[in-house]
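**Q** Structure in structure tokens, see below.
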Amino acid sequence: MSQKKEILKKIKILLAQKFESPEAALKFFDKNGDGFLEQNEIKELVKHAEVNRFLSGIVATKIIEHLDKDANKKLNWNEFKKATKDLLV
Ligand SMILES: [Ca+2]
Ligand SMILES: [Ca+2]
């Protein structure tokens with residue numbers, strides 16, 4: 001399994017097992033309560049998914065680059081929801 005796939009799988013497991021819904025996950029990781037997930041908040045999510053800590057920063061950056069459709073360097077609800085939907089099916 002490629003590293004990328006393995007990381008995505010870990011995140012998927014985290015979201016499926018620890019949270020009732022994507023809303024609950026977003027609320028949990030949105031530490032400053034602004035409704036967006038910033039790089040450091042995504043990094044926490046990645047760490048919770050038991051991805052190697054040395055990789056968590058890079059993985060968080062990649063996730064944002066990939067999912068941030070409006071290019072504001074953070075994920076809003078629609079961006080996050082789409083990602084979790086893709087992950088959870
Ligand atoms: Ca936030
Ligand atoms: Ca965005």
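Naming scheme: A, B, ... for chains in displayed order of the structure tokens; residues 1 onward per chain; ligands 1 onward as shown.
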Around ligand 1, which protein and nucleic acid residues have at least one atom no more than 7 Å from it, if we count only C-alpha atoms and all ligand atoms? List them as a PDB file with N, CA and C atoms, in the first residue's frame.
**A**
```pdb
ATOM      1  N   ASP A  30     -11.942  22.220  15.009  1.00  0.00           N
ATOM      2  CA  ASP A  30     -11.934  23.677  14.835  1.00  0.00           C
ATOM      3  C   ASP A  30     -11.743  24.346  16.196  1.00  0.00           C
ATOM      4  N   LYS A  31     -10.480  24.354  16.635  1.00  0.00           N
ATOM      5  CA  LYS A  31     -10.178  24.783  18.003  1.00  0.00           C
ATOM      6  C   LYS A  31     -10.488  26.252  18.256  1.00  0.00           C
ATOM      7  N   ASN A  32     -10.299  27.081  17.252  1.00  0.00           N
ATOM      8  CA  ASN A  32     -10.562  28.512  17.476  1.00  0.00           C
ATOM      9  C   ASN A  32     -11.993  28.898  17.090  1.00  0.00           C
ATOM     10  N   GLY A  33     -12.792  27.885  16.694  1.00  0.00           N
ATOM     11  CA  GLY A  33     -14.223  28.110  16.498  1.00  0.00           C
ATOM     12  C   GLY A  33     -14.603  29.069  15.389  1.00  0.00           C
ATOM     13  N   ASP A  34     -13.728  29.227  14.379  1.00  0.00           N
ATOM     14  CA  ASP A  34     -14.059  30.161  13.295  1.00  0.00           C
ATOM     15  C   ASP A  34     -14.801  29.484  12.139  1.00  0.00           C
ATOM     16  N   GLY A  35     -15.070  28.174  12.283  1.00  0.00           N
ATOM     17  CA  GLY A  35     -15.803  27.468  11.231  1.00  0.00           C
ATOM     18  C   GLY A  35     -14.918  26.961  10.100  1.00  0.00           C
ATOM     19  N   PHE A  36     -13.623  27.222  10.196  1.00  0.00           N
ATOM     20  CA  PHE A  36     -12.667  26.740   9.194  1.00  0.00           C
ATOM     21  C   PHE A  36     -11.640  25.834   9.852  1.00  0.00           C
ATOM     22  N   LEU A  37     -11.112  24.913   9.074  1.00  0.00           N
ATOM     23  CA  LEU A  37      -9.969  24.136   9.552  1.00  0.00           C
ATOM     24  C   LEU A  37      -8.701  24.687   8.904  1.00  0.00           C
ATOM     25  N   GLU A  38      -7.834  25.271   9.754  1.00  0.00           N
ATOM     26  CA  GLU A  38      -6.561  25.797   9.280  1.00  0.00           C
ATOM     27  C   GLU A  38      -5.499  24.700   9.317  1.00  0.00           C
ATOM     28  N   GLU A  41      -4.874  23.039  12.599  1.00  0.00           N
ATOM     29  CA  GLU A  41      -6.008  22.220  13.037  1.00  0.00           C
ATOM     30  C   GLU A  41      -6.066  20.895  12.263  1.00  0.00           C
TER      31      GLU A  41
END
```
**Q** What is the distance between atom CA of A:His66 and atom CA of A:Phe80, in Å to one decimal?
**A**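 So the answer is 11.1 Å.
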**Q** If the limit is 12 Å from any atom of ligand 2, counting only C-alpha atoms and all ligand atoms, which residues qualify? Return them as a CSV table (one decimal) with N, CA and C atoms, in the first residue's frame.
**A**
```
chain,number,residue,atom,x,y,z
A,35,GLY,N,-15.1,28.2,12.3
A,35,GLY,CA,-15.8,27.5,11.2
A,35,GLY,C,-14.9,27.0,10.1
A,36,PHE,N,-13.6,27.2,10.2
A,36,PHE,CA,-12.7,26.7,9.2
A,36,PHE,C,-11.6,25.8,9.9
A,37,LEU,N,-11.1,24.9,9.1
A,37,LEU,CA,-10.0,24.1,9.6
A,37,LEU,C,-8.7,24.7,8.9
A,38,GLU,N,-7.8,25.3,9.8
A,38,GLU,CA,-6.6,25.8,9.3
A,38,GLU,C,-5.5,24.7,9.3
A,39,GLN,N,-4.3,25.1,8.8
A,39,GLN,CA,-3.2,24.1,8.7
A,39,GLN,C,-3.0,23.4,10.1
A,63,ILE,N,-3.1,18.0,2.3
A,63,ILE,CA,-4.6,17.9,2.4
A,63,ILE,C,-5.2,19.2,2.0
A,64,ILE,N,-4.7,20.3,2.5
A,64,ILE,CA,-5.2,21.6,2.2
A,64,ILE,C,-5.1,21.9,0.8
A,65,GLU,N,-3.8,21.7,0.3
A,65,GLU,CA,-3.6,22.0,-1.2
A,65,GLU,C,-4.6,21.3,-2.1
A,66,HIS,N,-4.9,20.1,-1.7
A,66,HIS,CA,-5.7,19.2,-2.5
A,66,HIS,C,-7.2,19.6,-2.4
A,67,LEU,N,-7.6,20.0,-1.2
A,67,LEU,CA,-9.1,20.2,-1.0
A,67,LEU,C,-9.5,21.7,-1.0
A,68,ASP,N,-8.6,22.6,-0.9
A,68,ASP,CA,-8.9,24.0,-0.8
A,68,ASP,C,-9.3,24.6,-2.1
A,69,LYS,N,-10.6,24.5,-2.4
A,69,LYS,CA,-11.1,24.9,-3.7
A,69,LYS,C,-11.1,26.4,-3.9
A,70,ASP,N,-11.3,27.2,-2.8
A,70,ASP,CA,-11.3,28.6,-3.0
A,70,ASP,C,-10.0,29.3,-2.6
A,71,ALA,N,-9.0,28.4,-2.4
A,71,ALA,CA,-7.6,28.9,-2.2
A,71,ALA,C,-7.4,29.9,-1.1
A,72,ASN,N,-8.1,29.7,0.1
A,72,ASN,CA,-7.9,30.6,1.2
A,72,ASN,C,-7.0,30.0,2.3
A,73,LYS,N,-6.4,28.8,1.9
A,73,LYS,CA,-5.5,28.1,2.8
A,73,LYS,C,-6.1,27.5,4.0
A,74,LYS,N,-7.4,27.4,4.0
A,74,LYS,CA,-8.1,26.7,5.0
A,74,LYS,C,-9.4,26.0,4.5
A,75,LEU,N,-9.9,25.1,5.2
A,75,LEU,CA,-11.0,24.3,4.7
A,75,LEU,C,-12.3,24.8,5.3
A,76,ASN,N,-13.3,25.2,4.5
A,76,ASN,CA,-14.6,25.5,5.1
A,76,ASN,C,-15.4,24.2,5.1
A,77,TRP,N,-16.7,24.4,5.5
A,77,TRP,CA,-17.5,23.3,5.7
A,77,TRP,C,-17.7,22.5,4.4
A,78,ASN,N,-18.0,23.2,3.3
A,78,ASN,CA,-18.3,22.5,2.1
A,78,ASN,C,-17.0,21.7,1.6
A,79,GLU,N,-15.9,22.3,1.8
A,79,GLU,CA,-14.7,21.6,1.3
A,79,GLU,C,-14.4,20.4,2.2
A,80,PHE,N,-14.6,20.5,3.5
A,80,PHE,CA,-14.4,19.4,4.4
A,80,PHE,C,-15.4,18.3,4.2
A,81,LYS,N,-16.7,18.7,4.0
A,81,LYS,CA,-17.8,17.8,3.8
A,81,LYS,C,-17.5,16.9,2.6
A,82,LYS,N,-17.1,17.6,1.5
A,82,LYS,CA,-16.8,16.8,0.2
A,82,LYS,C,-15.7,15.8,0.5
A,83,ALA,N,-14.7,16.3,1.2
A,83,ALA,CA,-13.6,15.4,1.4
A,83,ALA,C,-14.0,14.2,2.3
```
**Q** For a quick check of understanding, using only C-alpha atoms, which of A:Thr84, A:Ile11, A:Lys4, A:Ala25 has the smallest distance to A:Ile58?
**A**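 Smallest separation from A:Ile58 among the options: A:Lys4.
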**Q** Looking at A:Lys62, A:His48, A:Ile42, A:Phe29, which one is nearest to A:Gln17, with distances taken over only C-alpha atoms?
**A**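 The closest residue to A:Gln17 is A:His48.
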**Q** Between A:Ser21, A:Lys10, A:Lys27, A:Lys5, which residue has the minimum interatomic distance to A:Asn52, considering only C-alpha atoms?
**A**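 Of all the options, A:Lys10 lies closest to A:Asn52.
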**Q** Give me, as a PyMOL selection string, the residues of stretch 12-58 of chain A that a backbone DSSP run labels alpha helix (DSSP H).
**A** chain A and resi 12-18+22-29+39-48+53-58
**Q** Which one of A:Leu87, A:Ile7, A:Ala24, A:Ala16 sits closest to A:Arg53 if you count only C-alpha atoms?
**A**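 Ranking A:Leu87, A:Ile7, A:Ala24, A:Ala16 by distance to A:Arg53, first place goes to A:Ile7.
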**Q** Which neighbours of A:Lys43 fall inside 7 Å, counting only C-alpha atoms, when residues of the same chain fewer than 4 positions from it are skipped, and could you give them as a PyMOL selection string?
**A** chain A and resi 39+47+56-57+60
**Q** Just the selected residues (N, CA and C atoms), exported as a PDB file, in the first residue's frame, please.
**A**
```pdb
ATOM      1  N   GLN A  39      -4.314  25.054   8.811  1.00  0.00           N
ATOM      2  CA  GLN A  39      -3.226  24.074   8.712  1.00  0.00           C
ATOM      3  C   GLN A  39      -2.951  23.407  10.056  1.00  0.00           C
ATOM      4  N   LYS A  47      -2.613  13.978  13.310  1.00  0.00           N
ATOM      5  CA  LYS A  47      -1.977  13.336  14.473  1.00  0.00           C
ATOM      6  C   LYS A  47      -2.938  12.370  15.160  1.00  0.00           C
ATOM      7  N   SER A  56       3.119  14.756   9.929  1.00  0.00           N
ATOM      8  CA  SER A  56       1.803  15.383  10.097  1.00  0.00           C
ATOM      9  C   SER A  56       1.708  16.782   9.472  1.00  0.00           C
ATOM     10  N   GLY A  57       2.782  17.561   9.598  1.00  0.00           N
ATOM     11  CA  GLY A  57       2.771  18.908   9.017  1.00  0.00           C
ATOM     12  C   GLY A  57       2.666  18.872   7.501  1.00  0.00           C
ATOM     13  N   ALA A  60      -0.745  17.588   6.413  1.00  0.00           N
ATOM     14  CA  ALA A  60      -1.762  18.638   6.575  1.00  0.00           C
ATOM     15  C   ALA A  60      -1.696  19.627   5.416  1.00  0.00           C
TER      16      ALA A  60
END
```
**Q** Rank A:Asp86, A:Phe54, A:Thr61, A:Glu44 by their smallest atom-to-atom distance to A:Lys9, using only C-alpha atoms, and report the top residue only.
**A**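 Comparing A:Asp86, A:Phe54, A:Thr61, A:Glu44 against A:Lys9, the winner is A:Asp86.
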